[in-house]
Amino acid sequence: GQDGSYMAELLLSKKYKVFGLIRKSATGNTKNIEHLINNPKIYNKNFFLERGDLLDTVSINNVIAKIKPHEIYNFADQDHVGWSYNIPSYSFKATTLSVIEILEIIKRENKKIKYFQPISSNIYSGNKQKKISENNVLYPTSLYGLAKSSTYLACKMYKELFNLHICGAIFFNHESPRRSDEYVTKKIVKQ
């Protein structure tokens with residue numbers, strides 16, 4: 001996606017070896033990283049793609065066991081608010097339960113792995129305050145916001161109870177040329 005592709009570029013610029021998880025898709029889902037895949041100086045040298053699916057615990061476990069990462073940046077989820085109403089169970093599983101599976105693997109296999117989880121400002125969407133901070137009460141008004149609220153609380157719990165190194169950031173709307181046209185802001189700009 002938009003954010004994961006930019007993160008991959010940033011990490012590569014810092015001389016990281018970057019592994020991305022890619023799931024099977026009939027329509028392809030590598031548009032934002034094609035320039036990395038097509039660069040023979042990077043692809044399969046510093047940038048690698050591993051097959052797997054966030055909804056398949058075995059594939060997540062296998063990839064983590066194979067790579068033995070020092071850090072994990074998880075930008076994958078079902079991030080479309082409108083779609084979350086149409087596919088609620090899938091949205092929650094992809095956005096929250098997959099994170100719990102990853103944290104369980106880290107807890108069990110290597111507590112030294114640093115984990116980064118972005119959260120959406122949709123966790124506060126029902127708040128009426130003019131200013132929002134981390135101290136506001138969580139008030140999601142969509143399945144997506146509920147899933148991100150649950151993810152936020154799960155990360156907080158695993159960090160505190162199991163002493164895992166978990167970091168996060170609350171993302172508000174942000175756009176780039178890599179954002180697909182199905183999102184509201186891009187629709188407005190395109191019109």
# chains A, B, ... in the order shown; residues from 1 in each chain; ligands from 1
>>> select_by_dssp(residues="range 22-174 of chain A", states="strand (DSSP E or B)", output="PyMOL selection string")
chain A and resi 22+43+47-51+71-73+114-120+165-171
>>> write_last_selection(atoms="N, CA, C and O atoms", output="mmCIF file, in the first residue's frame")
data_model
loop_
_atom_site.group_PDB
_atom_site.id
_atom_site.type_symbol
_atom_site.label_atom_id
_atom_site.label_comp_id
_atom_site.auth_asym_id
_atom_site.auth_seq_id
_atom_site.Cartn_x
_atom_site.Cartn_y
_atom_site.Cartn_z
ATOM 1 N N ILE A 22 3.731 -10.788 0.814
ATOM 2 C CA ILE A 22 2.803 -10.580 -0.289
ATOM 3 C C ILE A 22 1.860 -11.764 -0.367
ATOM 4 O O ILE A 22 2.274 -12.913 -0.289
ATOM 5 N N TYR A 43 16.254 -5.663 -5.979
ATOM 6 C CA TYR A 43 15.393 -6.832 -5.821
ATOM 7 C C TYR A 43 16.211 -8.115 -5.663
ATOM 8 O O TYR A 43 17.124 -8.392 -6.433
ATOM 9 N N PHE A 47 16.008 -6.149 -1.144
ATOM 10 C CA PHE A 47 14.549 -6.131 -1.074
ATOM 11 C C PHE A 47 14.021 -7.480 -1.554
ATOM 12 O O PHE A 47 14.300 -7.908 -2.669
ATOM 13 N N PHE A 48 13.263 -8.147 -0.680
ATOM 14 C CA PHE A 48 12.774 -9.492 -0.949
ATOM 15 C C PHE A 48 11.274 -9.555 -0.689
ATOM 16 O O PHE A 48 10.769 -8.860 0.189
ATOM 17 N N LEU A 49 10.592 -10.398 -1.432
ATOM 18 C CA LEU A 49 9.176 -10.634 -1.192
ATOM 19 C C LEU A 49 8.977 -12.078 -0.748
ATOM 20 O O LEU A 49 9.512 -12.997 -1.368
ATOM 21 N N GLU A 50 8.233 -12.238 0.318
ATOM 22 C CA GLU A 50 7.900 -13.556 0.848
ATOM 23 C C GLU A 50 6.406 -13.766 0.691
ATOM 24 O O GLU A 50 5.613 -12.866 0.941
ATOM 25 N N ARG A 51 6.013 -14.959 0.292
ATOM 26 C CA ARG A 51 4.586 -15.271 0.135
ATOM 27 C C ARG A 51 3.983 -15.631 1.486
ATOM 28 O O ARG A 51 4.577 -16.349 2.268
ATOM 29 N N GLU A 71 13.266 -6.205 13.290
ATOM 30 C CA GLU A 71 12.160 -5.261 13.372
ATOM 31 C C GLU A 71 11.047 -5.717 12.432
ATOM 32 O O GLU A 71 11.320 -6.279 11.381
ATOM 33 N N ILE A 72 9.800 -5.450 12.826
ATOM 34 C CA ILE A 72 8.643 -5.713 11.976
ATOM 35 C C ILE A 72 7.811 -4.437 11.919
ATOM 36 O O ILE A 72 7.476 -3.869 12.959
ATOM 37 N N TYR A 73 7.510 -4.011 10.701
ATOM 38 C CA TYR A 73 6.636 -2.862 10.464
ATOM 39 C C TYR A 73 5.388 -3.406 9.787
ATOM 40 O O TYR A 73 5.463 -3.894 8.670
ATOM 41 N N LYS A 114 11.610 -5.769 17.509
ATOM 42 C CA LYS A 114 10.917 -4.488 17.647
ATOM 43 C C LYS A 114 9.749 -4.475 16.663
ATOM 44 O O LYS A 114 9.915 -4.831 15.500
ATOM 45 N N TYR A 115 8.591 -4.050 17.135
ATOM 46 C CA TYR A 115 7.376 -4.103 16.328
ATOM 47 C C TYR A 115 6.760 -2.716 16.220
ATOM 48 O O TYR A 115 6.603 -2.019 17.219
ATOM 49 N N PHE A 116 6.393 -2.326 14.992
ATOM 50 C CA PHE A 116 5.722 -1.035 14.753
ATOM 51 C C PHE A 116 4.339 -1.287 14.176
ATOM 52 O O PHE A 116 4.185 -2.031 13.211
ATOM 53 N N GLN A 117 3.340 -0.638 14.774
ATOM 54 C CA GLN A 117 1.953 -0.791 14.323
ATOM 55 C C GLN A 117 1.312 0.583 14.138
ATOM 56 O O GLN A 117 1.113 1.308 15.104
ATOM 57 N N PRO A 118 0.980 0.951 12.904
ATOM 58 C CA PRO A 118 0.222 2.195 12.721
ATOM 59 C C PRO A 118 -1.230 2.009 13.146
ATOM 60 O O PRO A 118 -1.799 0.927 13.002
ATOM 61 N N ILE A 119 -1.793 3.054 13.676
ATOM 62 C CA ILE A 119 -3.190 3.077 14.109
ATOM 63 C C ILE A 119 -3.863 4.228 13.366
ATOM 64 O O ILE A 119 -3.219 5.180 12.976
ATOM 65 N N SER A 120 -5.148 4.154 13.196
ATOM 66 C CA SER A 120 -5.889 5.180 12.470
ATOM 67 C C SER A 120 -6.584 6.141 13.425
ATOM 68 O O SER A 120 -7.073 5.732 14.488
ATOM 69 N N HIS A 165 8.717 -4.934 22.760
ATOM 70 C CA HIS A 165 9.099 -3.618 22.236
ATOM 71 C C HIS A 165 8.139 -3.262 21.100
ATOM 72 O O HIS A 165 8.342 -3.661 19.958
ATOM 73 N N ILE A 166 7.063 -2.562 21.450
ATOM 74 C CA ILE A 166 6.032 -2.206 20.485
ATOM 75 C C ILE A 166 5.922 -0.693 20.413
ATOM 76 O O ILE A 166 5.813 -0.025 21.438
ATOM 77 N N CYS A 167 5.984 -0.178 19.204
ATOM 78 C CA CYS A 167 5.818 1.253 18.955
ATOM 79 C C CYS A 167 4.655 1.432 18.001
ATOM 80 O O CYS A 167 4.286 0.518 17.277
ATOM 81 N N GLY A 168 4.111 2.617 17.993
ATOM 82 C CA GLY A 168 3.014 2.889 17.077
ATOM 83 C C GLY A 168 2.905 4.360 16.774
ATOM 84 O O GLY A 168 3.623 5.185 17.336
ATOM 85 N N ALA A 169 2.018 4.667 15.872
ATOM 86 C CA ALA A 169 1.720 6.048 15.509
ATOM 87 C C ALA A 169 0.255 6.105 15.109
ATOM 88 O O ALA A 169 -0.270 5.156 14.540
ATOM 89 N N ILE A 170 -0.382 7.210 15.439
ATOM 90 C CA ILE A 170 -1.774 7.401 15.048
ATOM 91 C C ILE A 170 -1.769 8.241 13.777
ATOM 92 O O ILE A 170 -1.339 9.393 13.790
ATOM 93 N N PHE A 171 -2.213 7.647 12.695
ATOM 94 C CA PHE A 171 -2.208 8.303 11.388
ATOM 95 C C PHE A 171 -3.555 8.982 11.149
ATOM 96 O O PHE A 171 -4.596 8.374 11.310
#
>>> select_by_dssp(residues="range 24-100 of chain A", states="alpha helix (DSSP H)", output="VMD selection string")
chain A and resid 34 to 37 57 to 67 81 to 86 88 to 92 98 to 100
>>> write_last_selection(atoms="N, CA and C atoms", output="CSV table (one decimal), in the first residue's frame")
chain,number,residue,atom,x,y,z
A,34,GLU,N,6.5,-1.8,-7.7
A,34,GLU,CA,7.0,-2.3,-9.0
A,34,GLU,C,8.4,-1.7,-9.3
A,35,HIS,N,8.6,-0.4,-8.9
A,35,HIS,CA,9.9,0.2,-9.2
A,35,HIS,C,11.0,-0.5,-8.4
A,36,LEU,N,10.7,-1.1,-7.2
A,36,LEU,CA,11.7,-1.8,-6.5
A,36,LEU,C,11.9,-3.2,-7.0
A,37,ILE,N,10.8,-3.9,-7.4
A,37,ILE,CA,10.8,-5.2,-8.0
A,37,ILE,C,11.6,-5.2,-9.3
A,57,THR,N,-1.9,-18.0,10.1
A,57,THR,CA,-0.9,-18.0,11.1
A,57,THR,C,0.3,-18.8,10.7
A,58,VAL,N,0.1,-19.9,10.1
A,58,VAL,CA,1.3,-20.8,9.7
A,58,VAL,C,2.2,-20.0,8.8
A,59,SER,N,1.7,-19.3,7.8
A,59,SER,CA,2.6,-18.5,6.9
A,59,SER,C,3.3,-17.4,7.6
A,60,ILE,N,2.6,-16.7,8.5
A,60,ILE,CA,3.2,-15.7,9.3
A,60,ILE,C,4.4,-16.2,10.1
A,61,ASN,N,4.1,-17.3,10.8
A,61,ASN,CA,5.1,-18.0,11.6
A,61,ASN,C,6.3,-18.4,10.8
A,62,ASN,N,6.0,-19.0,9.6
A,62,ASN,CA,7.1,-19.5,8.7
A,62,ASN,C,8.0,-18.4,8.3
A,63,VAL,N,7.4,-17.3,7.9
A,63,VAL,CA,8.1,-16.1,7.4
A,63,VAL,C,9.0,-15.6,8.5
A,64,ILE,N,8.4,-15.4,9.7
A,64,ILE,CA,9.2,-14.8,10.8
A,64,ILE,C,10.4,-15.8,11.2
A,65,ALA,N,10.1,-17.1,11.2
A,65,ALA,CA,11.1,-18.1,11.5
A,65,ALA,C,12.2,-18.1,10.4
A,66,LYS,N,11.9,-18.0,9.2
A,66,LYS,CA,12.8,-18.0,8.1
A,66,LYS,C,13.7,-16.7,8.1
A,67,ILE,N,13.1,-15.5,8.2
A,67,ILE,CA,13.8,-14.3,8.1
A,67,ILE,C,14.6,-13.9,9.4
A,81,VAL,N,-12.7,2.2,5.2
A,81,VAL,CA,-13.8,2.3,6.2
A,81,VAL,C,-15.1,1.8,5.6
A,82,GLY,N,-15.4,2.2,4.3
A,82,GLY,CA,-16.7,1.8,3.7
A,82,GLY,C,-16.7,0.3,3.5
A,83,TRP,N,-15.6,-0.3,3.1
A,83,TRP,CA,-15.6,-1.8,2.9
A,83,TRP,C,-15.8,-2.5,4.3
A,84,SER,N,-15.4,-1.9,5.3
A,84,SER,CA,-15.5,-2.6,6.6
A,84,SER,C,-16.9,-2.9,7.0
A,85,TYR,N,-17.8,-2.1,6.5
A,85,TYR,CA,-19.3,-2.4,6.8
A,85,TYR,C,-19.7,-3.6,6.0
A,86,ASN,N,-19.2,-3.8,4.8
A,86,ASN,CA,-19.6,-4.9,3.9
A,86,ASN,C,-18.9,-6.2,4.3
A,88,PRO,N,-17.3,-7.2,7.5
A,88,PRO,CA,-16.9,-6.9,8.9
A,88,PRO,C,-16.0,-7.9,9.5
A,89,SER,N,-16.3,-9.2,9.4
A,89,SER,CA,-15.4,-10.2,10.0
A,89,SER,C,-14.0,-10.2,9.4
A,90,TYR,N,-14.0,-10.2,8.1
A,90,TYR,CA,-12.7,-10.1,7.4
A,90,TYR,C,-11.9,-8.9,7.8
A,91,SER,N,-12.5,-7.7,7.9
A,91,SER,CA,-11.9,-6.5,8.3
A,91,SER,C,-11.3,-6.6,9.7
A,92,PHE,N,-12.0,-7.2,10.6
A,92,PHE,CA,-11.5,-7.3,12.0
A,92,PHE,C,-10.4,-8.3,12.0
A,98,SER,N,-4.9,-10.6,13.1
A,98,SER,CA,-3.5,-10.9,12.6
A,98,SER,C,-2.4,-10.3,13.4
A,99,VAL,N,-2.7,-9.1,14.0
A,99,VAL,CA,-1.7,-8.4,14.8
A,99,VAL,C,-1.5,-9.3,16.1
A,100,ILE,N,-2.6,-9.8,16.7
A,100,ILE,CA,-2.4,-10.6,17.9
A,100,ILE,C,-1.6,-11.8,17.5
>>> closest_residue(among="A:Leu55, A:Lys131, A:Asn46, A:Ala147", to="Thr96 in chain A", atoms="only C-alpha atoms")
A:Ala147
>>> closest_residue(among="A:Lys17, A:Lys128, A:Lys159, A:Lys187", to="Lys112 in chain A", atoms="only C-alpha atoms")
A:Lys159
>>> closest_residue(among="A:Ile132, A:Ile87, A:Ala154, A:Leu146", to="Glu101 in chain A", atoms="only C-alpha atoms")
A:Ala154
>>> residues_around(residues="Ile123 in chain A", least_positions_apart="4", cutoff="8 Å", atoms="only C-alpha atoms", output="list in words")
Ile119, Leu138, Tyr139, Pro140, Thr141, Gly145, Leu146, Lys148 and Ser149 of chain A
>>> write_last_selection(atoms="N, CA and C atoms", output="short mmCIF file (atom, residue, chain, number, x, y, z; two decimals), in the first residue's frame")
data_model
loop_
_atom_site.label_atom_id
_atom_site.label_comp_id
_atom_site.auth_asym_id
_atom_site.auth_seq_id
_atom_site.Cartn_x
_atom_site.Cartn_y
_atom_site.Cartn_z
N ILE A 119 -1.79 3.05 13.68
CA ILE A 119 -3.19 3.08 14.11
C ILE A 119 -3.86 4.23 13.37
N LEU A 138 -11.40 6.42 23.35
CA LEU A 138 -11.61 5.76 22.06
C LEU A 138 -13.10 5.75 21.76
N TYR A 139 -13.46 6.15 20.54
CA TYR A 139 -14.86 6.25 20.17
C TYR A 139 -15.00 5.96 18.69
N PRO A 140 -14.81 4.69 18.30
CA PRO A 140 -14.92 4.35 16.88
C PRO A 140 -16.38 4.36 16.42
N THR A 141 -16.59 4.73 15.15
CA THR A 141 -17.95 4.72 14.60
C THR A 141 -18.03 3.88 13.32
N GLY A 145 -12.73 1.43 12.46
CA GLY A 145 -12.31 2.13 13.67
C GLY A 145 -12.31 1.21 14.88
N LEU A 146 -13.30 0.33 14.96
CA LEU A 146 -13.36 -0.66 16.05
C LEU A 146 -12.15 -1.59 15.98
N LYS A 148 -9.21 -1.00 14.56
CA LYS A 148 -7.99 -0.27 14.90
C LYS A 148 -7.93 0.05 16.39
N SER A 149 -9.08 0.31 17.03
CA SER A 149 -9.11 0.52 18.48
C SER A 149 -8.67 -0.74 19.20
#
>>> atom_distance(atom1="CA of Ser5 in chain A", atom2="CA of Ser133 in chain A")
27.1 Å
>>> closest_residue(among="A:Asn38, A:Asp56, A:Asp77, A:Phe172", to="Gly4 in chain A", atoms="only C-alpha atoms")
A:Asp77
>>> atom_distance(atom1="CA of Tyr158 in chain A", atom2="CA of Gly1 in chain A")
25.9 Å
>>> closest_residue(among="A:Gln191, A:Ser150, A:Asn110, A:Asn136", to="Asn163 in chain A", atoms="only C-alpha atoms")
A:Asn110
>>> atom_distance(atom1="CA of Thr95 in chain A", atom2="CA of Gly126 in chain A")
19.6 Å
